[in-house]
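Heads up: the structure comes next, in structure tokens.
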Amino acid sequence: QVYTENSFENGKSVMTAKSANTELYFYNALSMIRFKLWSDVPGAYSINKITLTSKGNNLNGNATVDMTKDKPVAVFNENGEKTSILTIDEAVVLTEEGTIDYNGVATGGHDFYMLVPAGEYAKEDLTILIEGEDENGKELKFEAKYPSNDEGLTLERSAIHTISHEFTAETW
């Protein structure tokens, strides 16, 4: 198994393999969302939990993989949960600065990753709740709906999608 750019490192996702000959090609069965977070005041905020909720898609639970497809994807069954939680054992202090360019692409900051099922996500299907605290220990919560465009979002198997959303400390 070989890591390729803009894919997942080995061991970071559920993988499947299928072959009609002696060569075995492994594929990631899920998609990944990267949250890039930073603060305009480095060191002032820490993050300890990110919750992702979908109105239309199950995000975790028992999944099946249809191996009859050319590149199989994991599909969570109807008894799955529409919420996925990333709990950070030791809170991450936002010390690195970041920017969002004219195309809405974020660079810098701290990266947090969540595996999610590949598929279609309608406008504002996903709710992202970021929790943490400020330098004085005051609890902070920030919530955003994503995607904000009318076209929605297609998350592809084996791809990393970066969510770029700018907010200021006043919105915490």
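Here's how to read the names in the structure tokens: chain A, B, ... by the order shown, residue numbers from 1 in each chain, ligand numbers from 1 in the order shown.
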
Dump as JSON lines the rows for residues of range 9-90 of chain A within 6 Å of range 154-165 of chain A: closest atom pair and distance in Å with one decimal, only C-alpha atoms counted, ordered by chain and rising residue number.
{"residue": "A:Asn28", "atom": "CA", "partner": "A:Ser158", "partner_atom": "CA", "distance": 4.9}
{"residue": "A:Ala29", "atom": "CA", "partner": "A:Arg157", "partner_atom": "CA", "distance": 5.9}
{"residue": "A:Leu30", "atom": "CA", "partner": "A:Arg157", "partner_atom": "CA", "distance": 5.0}
{"residue": "A:Ser31", "atom": "CA", "partner": "A:Arg157", "partner_atom": "CA", "distance": 4.6}
{"residue": "A:Met32", "atom": "CA", "partner": "A:Ile160", "partner_atom": "CA", "distance": 4.7}
{"residue": "A:Ile33", "atom": "CA", "partner": "A:His161", "partner_atom": "CA", "distance": 4.9}
{"residue": "A:Arg34", "atom": "CA", "partner": "A:Thr162", "partner_atom": "CA", "distance": 4.6}
{"residue": "A:Phe35", "atom": "CA", "partner": "A:Ile163", "partner_atom": "CA", "distance": 5.5}

Selected residues written out, C-alpha atoms, as a tab-separated table (two decimals), in the first residue's frame:
chain	number	residue	atom	x	y	z
A	28	ASN	CA	-10.20	3.89	0.88
A	29	ALA	CA	-13.89	3.15	1.44
A	30	LEU	CA	-14.70	6.55	3.01
A	31	SER	CA	-14.13	10.24	2.39
A	32	MET	CA	-12.40	12.61	4.80
A	33	ILE	CA	-13.14	16.17	5.91
A	34	ARG	CA	-10.27	18.38	7.04
A	35	PHE	CA	-11.13	21.23	9.40

### Spatial neighbours of range 36-40 of chain A, 9 Å, only C-alpha atoms, chain gap at least 2 places, as a PyMOL selection string
chain A and resi 34+42-45+47+93-99+106-113+162-166+168-169

Keeping only C-alpha atoms, write those residues as an mmCIF file, in the first residue's frame.
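Here's the written file out_17.cif:
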data_model
loop_
_atom_site.group_PDB
_atom_site.id
_atom_site.type_symbol
_atom_site.label_atom_id
_atom_site.label_comp_id
_atom_site.auth_asym_id
_atom_site.auth_seq_id
_atom_site.Cartn_x
_atom_site.Cartn_y
_atom_site.Cartn_z
ATOM 1 C CA ARG A 34 -10.270 18.378 7.041
ATOM 2 C CA PRO A 42 -2.575 32.903 18.627
ATOM 3 C CA GLY A 43 -2.759 31.093 21.968
ATOM 4 C CA ALA A 44 -6.098 32.637 23.013
ATOM 5 C CA TYR A 45 -8.347 29.658 22.171
ATOM 6 C CA ILE A 47 -10.293 23.224 20.799
ATOM 7 C CA VAL A 93 -4.311 25.514 21.483
ATOM 8 C CA LEU A 94 -4.703 27.453 18.235
ATOM 9 C CA THR A 95 -1.234 28.945 17.877
ATOM 10 C CA GLU A 96 -0.624 28.818 14.125
ATOM 11 C CA GLU A 97 -2.035 31.572 11.963
ATOM 12 C CA GLY A 98 -3.958 30.802 8.789
ATOM 13 C CA THR A 99 -5.499 32.537 5.813
ATOM 14 C CA ALA A 106 -7.535 27.830 3.633
ATOM 15 C CA THR A 107 -3.838 27.457 4.422
ATOM 16 C CA GLY A 108 -1.989 27.300 7.719
ATOM 17 C CA GLY A 109 -3.687 26.777 11.051
ATOM 18 C CA HIS A 110 -4.292 23.408 12.715
ATOM 19 C CA ASP A 111 -5.740 20.443 10.837
ATOM 20 C CA PHE A 112 -8.419 18.180 12.330
ATOM 21 C CA TYR A 113 -9.742 15.204 10.318
ATOM 22 C CA THR A 162 -11.251 20.976 3.339
ATOM 23 C CA ILE A 163 -13.949 23.031 5.012
ATOM 24 C CA SER A 164 -13.008 26.712 5.042
ATOM 25 C CA HIS A 165 -15.197 28.920 7.202
ATOM 26 C CA GLU A 166 -14.048 32.216 8.638
ATOM 27 C CA THR A 168 -14.217 36.052 14.459
ATOM 28 C CA ALA A 169 -13.841 35.784 18.214
#

### Query
A:Ser54, A:Asn48, A:Ser84, A:Asn79: which is nearest Glu133 in chain A, counting only C-alpha atoms?
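Smallest distance to Glu133 in chain A is found for A:Asn48.
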
### Message
Please identify the strand (DSSP E or B) residues within range 14-154 of chain A (assignment by DSSP from backbone atoms) and present them as an NGL selection string.
### Response
:A and (15-18 or 25-28 or 31-37 or 45-54 or 60 or 63-65 or 74-76 or 81 or 83-93 or 98-100 or 106-108 or 110-116 or 119-121 or 126-134 or 139-146 or 153-154)

### Message
Using only C-alpha atoms for the distances, tell me which of A:Tyr25, A:Val41, A:Asn57, A:Ile128 is nearest to Val116 in chain A.
### Response
A:Asn57

#### Entry: Atomic separation - CA of Asn62 in chain A relative to CA of Gly80 in chain A, Å
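For CA of Gly80 in chain A relative to CA of Asn62 in chain A, the distance reads 6.3 Å.
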
### Query
When distances are computed from only C-alpha atoms, which of A:Val14, A:Val105, A:Ala20, A:Ile50 shows the smallest separation from Gly132 in chain A?
A:Ile50

#### Entry: Contacts of Lys55 in chain A at 7 Å (only C-alpha atoms; same-chain gap of 5+ positions) as a PyMOL selection string
chain A and resi 82+125-126

### Interatomic distance (Å, one decimal) between CA of Glu78 in chain A and CA of Ala17 in chain A
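Result for CA of Glu78 in chain A versus CA of Ala17 in chain A: 24.6 Å, one decimal.
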
### Task
Would you list the contacts of Glu81 in chain A as a PyMOL selection string, taking every protein, DNA or RNA residue within 7 Å and counting only C-alpha atoms, but skipping same-chain residues closer than 4 positions in sequence?
chain A and resi 58-61

### Message
I'd like the interatomic distance between CA of Gly119 in chain A and CA of Gly152 in chain A, to a tenth of an Å.
### Response
10.7 Å

### Query
With only C-alpha atoms as the basis for distance, which of A:Ala91, A:Ala144, A:Leu153, A:Met15 is at the shortest distance from Leu129 in chain A?
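Using only C-alpha atoms, the shortest distance to Leu129 in chain A belongs to A:Ala144.
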